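Worksheet for the structure shown next.
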Amino acid sequence: MSEAVQSEPIGKFKKRVFSGVQPSGGLTLGNYLGAIKRFVQMQNDDYETIYCVVDLHAITVWQNPKMLRQNIRELAASFIASGLDPKKSILFNQSAVPEHAQLGWVFNCVARMGWMQRMTQFKDKAGKNAQNASLGLFGYPALMAADILAYHATHVPVGDDQKQHLELTRDIAIKFNHDYEIDFFPVTEPVIGGPAARVMSLRDGTKKMSKSDPSDLSRINMTDNSDMIANKIRKAKTDQYGLPSEPKGLEGRAEAQNLVSIYAALGDQSLESVLSEIGGKQFSDFKPMLVERATAVLSPISSEMGRIMQDIPQLDKVLNDGAFKAKSLAEPILKKTFDIIGLN
Ligand code: AQP
């Protein structure tokens with residue numbers, strides 16, 4: 001089992017993992033280290049694993065239809081290129097399994113306005129113009145709860161930014177079980193942790209690395225070639241001090257902390273072991289090491305993605321087969337939910 005699992009639930013429920021990524025543009029190193037790498041690890045642990053291209057979430061902000069279609073396939077290709085194996089994991093896109101939206105509606109009726117109003121991601125994404133944000137963006141966490149609970153998933157690997165949404169998923173499950181006096185939905189465990197739970201922007205160590213940041217220099221994209229990676233790391237913000245030999249020496253140094261954490265996560269090392277090797281070096285020596293490691297990890301993934309995108313019928317078949325399997329799990333859970341509520 002992955003070291004980051006925080007506790008052992010979950011009584012009668014089978015150990016089942018669900019997680020998703022939005023096809024809202026090219027993937028970043030943050031998505032890879034915070035989520036997809038963990039997906040692959042859990043696929044090889046003792047779990048049933050279900051991974052989803054959450055396209056219904058992507059349309060909470062406007063998407064160009066042609067680009068969306070392309071992004072859905074590219075994301076599925078990057079899942080497979082990163083090591084997700086359709087023979088071991090169910091891979092599919094959310095809109096192909098209508099049970100997500102149906103259960104999402106039920107959870108819109110369980111979740112409270114006050115809960116949603118506390119969600120910091122809505123505030124960040126809606127910005128100053130919240131009145132003009134879509135209702136879907138506001139209700140996003142109820143659909144996310146449905147994605148997870150439609151499968152009775154017990155564990156959800158995500159980056160640190162999704163922690164609050166996972167807490168809301170737990171609140172929805174608890175409230176549903178309480179309101180209908182039945183132990184029906186599991187209280188899901190988040191799987192968050194490791195040095196790259198929150199990869200930060202290369203330009204500003206206080207901001208999350210994000211696909212939608214207007215500055216391409218702020219992120220490493222999974223499809224960046226070695227020259228692009230080298231250029232971005234060379235330009236990454238740092239400070240004037242050398243690297244410490246213990247984590248304590250990174251306190252208050254957000255940019256240094258971020259680069260060392262990325263290096264550690266890429267090499268499956270702890271921060272302590274990395275710092276014991278590189279302590280005393282200057283950034284001018286460390287940055288080329290980081291470039292080399294990032295290129296060694298990302299180049300094979302990006303060329304495999306290119307190869308997979310050459311055979312769209314095969315990729316679509318993987319997604320269709322995955323949707324069929326996902327639906328066969330979600331359908332009886334939705335039906336039982338309707339029974340409990342009194343809808344059929
Ligand atoms: N910077 C990050 N560090 C660690 N994990 C991250 N994740 C995202 N950014 C980081 C994790 O990736 C998974 C999928 O994220 P998503 O695409 O569904 O949504 P997001 O969190 O909104 O990601 P972005 O890149 O910031 O997208 P945009 O710019 O479209 O909003 C999640 O598990 C997330 O935690």
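Numbering starts fresh at 1 for the residues of each chain in the structure tokens, the chains themselves are lettered A, B, ... in the order given, and ligands are numbered from 1 as they appear.
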
Would you give me, as CSV, each residue of chain A having an atom within 9 Å of an atom of ligand 1, along with its shortest atom pair and that distance in Å to one decimal, using only C-alpha atoms and all ligand atoms and sorting by chain and residue number?
residue,atom,partner,partner_atom_place_in_ligand_line,distance
A:Ser19,CA,ligand 1,33 (O),7.2
A:Gly20,CA,ligand 1,18 (O),6.2
A:Val21,CA,ligand 1,18 (O),3.8
A:Gln22,CA,ligand 1,18 (O),4.1
A:Pro23,CA,ligand 1,17 (O),6.7
A:Ser24,CA,ligand 1,30 (O),5.1
A:Gly25,CA,ligand 1,30 (O),6.7
A:Gly26,CA,ligand 1,25 (O),8.5
A:Leu27,CA,ligand 1,25 (O),6.8
A:Thr28,CA,ligand 1,25 (O),6.3
A:Leu29,CA,ligand 1,1 (N),7.4
A:Gly30,CA,ligand 1,2 (C),3.7
A:Asn31,CA,ligand 1,12 (O),3.7
A:Tyr32,CA,ligand 1,12 (O),6.9
A:Leu33,CA,ligand 1,4 (C),6.2
A:Gly34,CA,ligand 1,5 (N),3.5
A:Ala35,CA,ligand 1,33 (O),4.8
A:Ile36,CA,ligand 1,12 (O),7.3
A:Val53,CA,ligand 1,18 (O),8.6
A:Val54,CA,ligand 1,18 (O),7.3
A:His57,CA,ligand 1,18 (O),7.9
A:Ala58,CA,ligand 1,30 (O),7.5
A:Gln121,CA,ligand 1,22 (O),8.0
A:Lys125,CA,ligand 1,31 (O),7.4
A:Val156,CA,ligand 1,33 (O),8.6
A:Pro157,CA,ligand 1,33 (O),6.6
A:Val158,CA,ligand 1,33 (O),3.4
A:Gly159,CA,ligand 1,35 (O),3.1
A:Asp160,CA,ligand 1,35 (O),5.6
A:Asp161,CA,ligand 1,35 (O),5.0
A:Gln162,CA,ligand 1,35 (O),4.9
A:Lys163,CA,ligand 1,35 (O),7.9
A:Ile192,CA,ligand 1,35 (O),8.7
A:Ala196,CA,ligand 1,4 (C),5.9
A:Ala197,CA,ligand 1,4 (C),4.7
A:Arg198,CA,ligand 1,3 (N),3.6
A:Val199,CA,ligand 1,3 (N),3.7
A:Met200,CA,ligand 1,1 (N),5.4
A:Ser201,CA,ligand 1,1 (N),7.3
A:Lys207,CA,ligand 1,1 (N),8.4
A:Lys208,CA,ligand 1,1 (N),4.6
A:Met209,CA,ligand 1,1 (N),4.0
A:Ser210,CA,ligand 1,25 (O),3.7
A:Lys211,CA,ligand 1,29 (O),4.0
A:Ser212,CA,ligand 1,29 (O),3.6
A:Asp213,CA,ligand 1,29 (O),6.3
A:Arg219,CA,ligand 1,1 (N),8.8

Kindly assemble as CSV a list of the range 203-257 of chain A residues that lie within 9 Å of range 301-322 of chain A, each paired with its nearest atom pair and their distance in Å to one decimal, using only C-alpha atoms, sorted first by chain and then by ascending residue number.
residue,atom,partner,partner_atom,distance
A:Met222,CA,A:Ser302,CA,6.4
A:Thr223,CA,A:Ser302,CA,5.2
A:Asp224,CA,A:Ser302,CA,7.9
A:Asn225,CA,A:Ser302,CA,8.3

Closest atom pairs, residues of range 21-96 of chain A within 12 Å of range 126-149 of chain A, only C-alpha atoms, as JSON lines:
{"residue": "A:Val21", "atom": "CA", "partner": "A:Met144", "partner_atom": "CA", "distance": 10.8}
{"residue": "A:Gln22", "atom": "CA", "partner": "A:Met144", "partner_atom": "CA", "distance": 11.2}
{"residue": "A:Thr49", "atom": "CA", "partner": "A:Ile148", "partner_atom": "CA", "distance": 11.5}
{"residue": "A:Ile50", "atom": "CA", "partner": "A:Ile148", "partner_atom": "CA", "distance": 9.4}
{"residue": "A:Tyr51", "atom": "CA", "partner": "A:Asp147", "partner_atom": "CA", "distance": 10.1}
{"residue": "A:Cys52", "atom": "CA", "partner": "A:Asp147", "partner_atom": "CA", "distance": 8.8}
{"residue": "A:Val53", "atom": "CA", "partner": "A:Asp147", "partner_atom": "CA", "distance": 10.8}
{"residue": "A:Val54", "atom": "CA", "partner": "A:Asp147", "partner_atom": "CA", "distance": 8.7}
{"residue": "A:Asp55", "atom": "CA", "partner": "A:Leu143", "partner_atom": "CA", "distance": 11.5}
{"residue": "A:Leu56", "atom": "CA", "partner": "A:Leu143", "partner_atom": "CA", "distance": 8.8}
{"residue": "A:His57", "atom": "CA", "partner": "A:Tyr140", "partner_atom": "CA", "distance": 6.8}
{"residue": "A:Ala58", "atom": "CA", "partner": "A:Leu137", "partner_atom": "CA", "distance": 9.3}
{"residue": "A:Ile59", "atom": "CA", "partner": "A:Gly136", "partner_atom": "CA", "distance": 8.2}
{"residue": "A:Thr60", "atom": "CA", "partner": "A:Leu137", "partner_atom": "CA", "distance": 4.9}
{"residue": "A:Val61", "atom": "CA", "partner": "A:Ser134", "partner_atom": "CA", "distance": 7.1}
{"residue": "A:Trp62", "atom": "CA", "partner": "A:Ser134", "partner_atom": "CA", "distance": 9.3}
{"residue": "A:Phe92", "atom": "CA", "partner": "A:Asp147", "partner_atom": "CA", "distance": 12.0}
{"residue": "A:Asn93", "atom": "CA", "partner": "A:Asp147", "partner_atom": "CA", "distance": 11.0}
{"residue": "A:Gln94", "atom": "CA", "partner": "A:Asp147", "partner_atom": "CA", "distance": 8.0}
{"residue": "A:Ser95", "atom": "CA", "partner": "A:Asp147", "partner_atom": "CA", "distance": 10.8}

Handout entry: Long-range neighbours of Pro195 in chain A as a list in words, 9 Å cut-off, only C-alpha atoms, 6 positions minimum in chain
Key = Gly34, Asn258, Val260, Ser261, Ile262, Ala264, Ala265, Gln269, Ser270 and Leu271 of chain A

Residues from the last selection, all heavy atoms, saved as a JSON list (two decimals), in the first residue's frame:
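Okay, out-v8.json is ready:
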[["chain", "number", "residue", "atom", "x", "y", "z"],
["A", 34, "GLY", "N", 1.73, 15.33, -8.34],
["A", 34, "GLY", "CA", 0.72, 15.36, -7.27],
["A", 34, "GLY", "C", -0.33, 14.28, -7.43],
["A", 34, "GLY", "O", -0.91, 13.82, -6.44],
["A", 258, "ASN", "N", 10.59, 24.51, -3.29],
["A", 258, "ASN", "CA", 9.85, 23.93, -4.41],
["A", 258, "ASN", "C", 10.79, 23.15, -5.34],
["A", 258, "ASN", "O", 10.51, 22.00, -5.69],
["A", 258, "ASN", "CB", 9.17, 25.07, -5.19],
["A", 258, "ASN", "CG", 8.20, 24.57, -6.24],
["A", 258, "ASN", "OD1", 7.51, 23.57, -6.03],
["A", 258, "ASN", "ND2", 8.14, 25.26, -7.37],
["A", 260, "VAL", "N", 13.74, 21.85, -4.79],
["A", 260, "VAL", "CA", 14.31, 20.66, -4.15],
["A", 260, "VAL", "C", 13.22, 19.57, -4.02],
["A", 260, "VAL", "O", 13.48, 18.39, -4.23],
["A", 260, "VAL", "CB", 14.92, 21.00, -2.77],
["A", 260, "VAL", "CG1", 15.43, 19.75, -2.08],
["A", 260, "VAL", "CG2", 16.06, 22.00, -2.92],
["A", 261, "SER", "N", 12.00, 20.00, -3.72],
["A", 261, "SER", "CA", 10.90, 19.02, -3.59],
["A", 261, "SER", "C", 10.61, 18.35, -4.94],
["A", 261, "SER", "O", 10.35, 17.15, -5.00],
["A", 261, "SER", "CB", 9.62, 19.71, -3.11],
["A", 261, "SER", "OG", 9.83, 20.27, -1.85],
["A", 262, "ILE", "N", 10.64, 19.13, -6.01],
["A", 262, "ILE", "CA", 10.41, 18.54, -7.34],
["A", 262, "ILE", "C", 11.50, 17.51, -7.63],
["A", 262, "ILE", "O", 11.22, 16.39, -8.08],
["A", 262, "ILE", "CB", 10.41, 19.65, -8.44],
["A", 262, "ILE", "CG1", 9.18, 20.55, -8.28],
["A", 262, "ILE", "CG2", 10.45, 19.04, -9.83],
["A", 262, "ILE", "CD1", 9.18, 21.77, -9.20],
["A", 264, "ALA", "N", 13.26, 15.81, -5.52],
["A", 264, "ALA", "CA", 13.07, 14.64, -4.66],
["A", 264, "ALA", "C", 11.95, 13.75, -5.21],
["A", 264, "ALA", "O", 12.10, 12.53, -5.35],
["A", 264, "ALA", "CB", 12.73, 15.09, -3.23],
["A", 265, "ALA", "N", 10.82, 14.38, -5.56],
["A", 265, "ALA", "CA", 9.67, 13.59, -6.02],
["A", 265, "ALA", "C", 9.98, 12.89, -7.34],
["A", 265, "ALA", "O", 9.59, 11.74, -7.55],
["A", 265, "ALA", "CB", 8.45, 14.50, -6.18],
["A", 269, "GLN", "N", 12.73, 10.18, -3.88],
["A", 269, "GLN", "CA", 13.57, 10.33, -2.70],
["A", 269, "GLN", "C", 12.85, 11.20, -1.67],
["A", 269, "GLN", "O", 11.96, 11.96, -2.01],
["A", 269, "GLN", "CB", 14.86, 11.06, -3.08],
["A", 269, "GLN", "CG", 15.90, 10.22, -3.78],
["A", 269, "GLN", "CD", 17.14, 11.05, -4.04],
["A", 269, "GLN", "OE1", 17.16, 11.86, -4.97],
["A", 269, "GLN", "NE2", 18.18, 10.88, -3.22],
["A", 270, "SER", "N", 13.28, 11.09, -0.42],
["A", 270, "SER", "CA", 12.76, 12.02, 0.59],
["A", 270, "SER", "C", 13.58, 13.31, 0.50],
["A", 270, "SER", "O", 14.71, 13.32, -0.03],
["A", 270, "SER", "CB", 12.89, 11.41, 1.99],
["A", 270, "SER", "OG", 14.26, 11.31, 2.31],
["A", 271, "LEU", "N", 13.00, 14.38, 1.05],
["A", 271, "LEU", "CA", 13.69, 15.67, 1.08],
["A", 271, "LEU", "C", 15.02, 15.53, 1.85],
["A", 271, "LEU", "O", 16.06, 16.05, 1.44],
["A", 271, "LEU", "CB", 12.77, 16.67, 1.79],
["A", 271, "LEU", "CG", 12.69, 18.09, 1.29],
["A", 271, "LEU", "CD1", 12.52, 18.15, -0.21],
["A", 271, "LEU", "CD2", 11.52, 18.80, 1.98]]

Problem - Best match for closeness to Asp85 in chain A among A:Leu250, A:Ala150, A:Leu266, A:Val40, counting only C-alpha atoms - result: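 Smallest distance to Asp85 in chain A is found for A:Val40.
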
Problem - Backbone DSSP call of helix (DSSP H, G or I) for range 87-304 of chain A, listed as a PyMOL selection string - result: chain A and resi 94-96+99-110+113-117+120-132+135-149+160-179+216-218+226-235+247-250+254-266+271-278+283-304

Exercise for the section: Find the residues near Lys281 in chain A: any atom within 7 Å, counting only C-alpha atoms, skip ones fewer than 5 places away on the same chain, and give them as a count of residues only. Expected result: 3

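Close contacts of Pro247 in chain A, defined as residues with an atom at most 10 Å away when counting only C-alpha atoms, with chain neighbours fewer than 4 positions off set aside, comprise Leu243, Glu251, Gln257, Val260, Leu271, Glu272, Ser273, Val274, Leu275, Ser276 and Gly279 of chain A.
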
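Our summary of the geometry notes that CA of Arg203 in chain A is positioned 18.3 Å from CA of Asp124 in chain A.
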
Exercise for the section: Tell me which of A:Asp285, A:His165, A:Asp239, A:Asn177 sits closest to Gly252 in chain A, counting only C-alpha atoms. Expected result: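 The shortest atom-to-atom distance to Gly252 in chain A comes from A:Asp239.
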
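The interatomic distance for the pair CA of Leu75 in chain A and CA of Ala254 in chain A works out to 29.5 Å.
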
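Distance check against Gly280 in chain A using only C-alpha atoms: of A:Ala294, A:Arg234, A:Gly249, A:Asp268, the minimum falls on A:Gly249.
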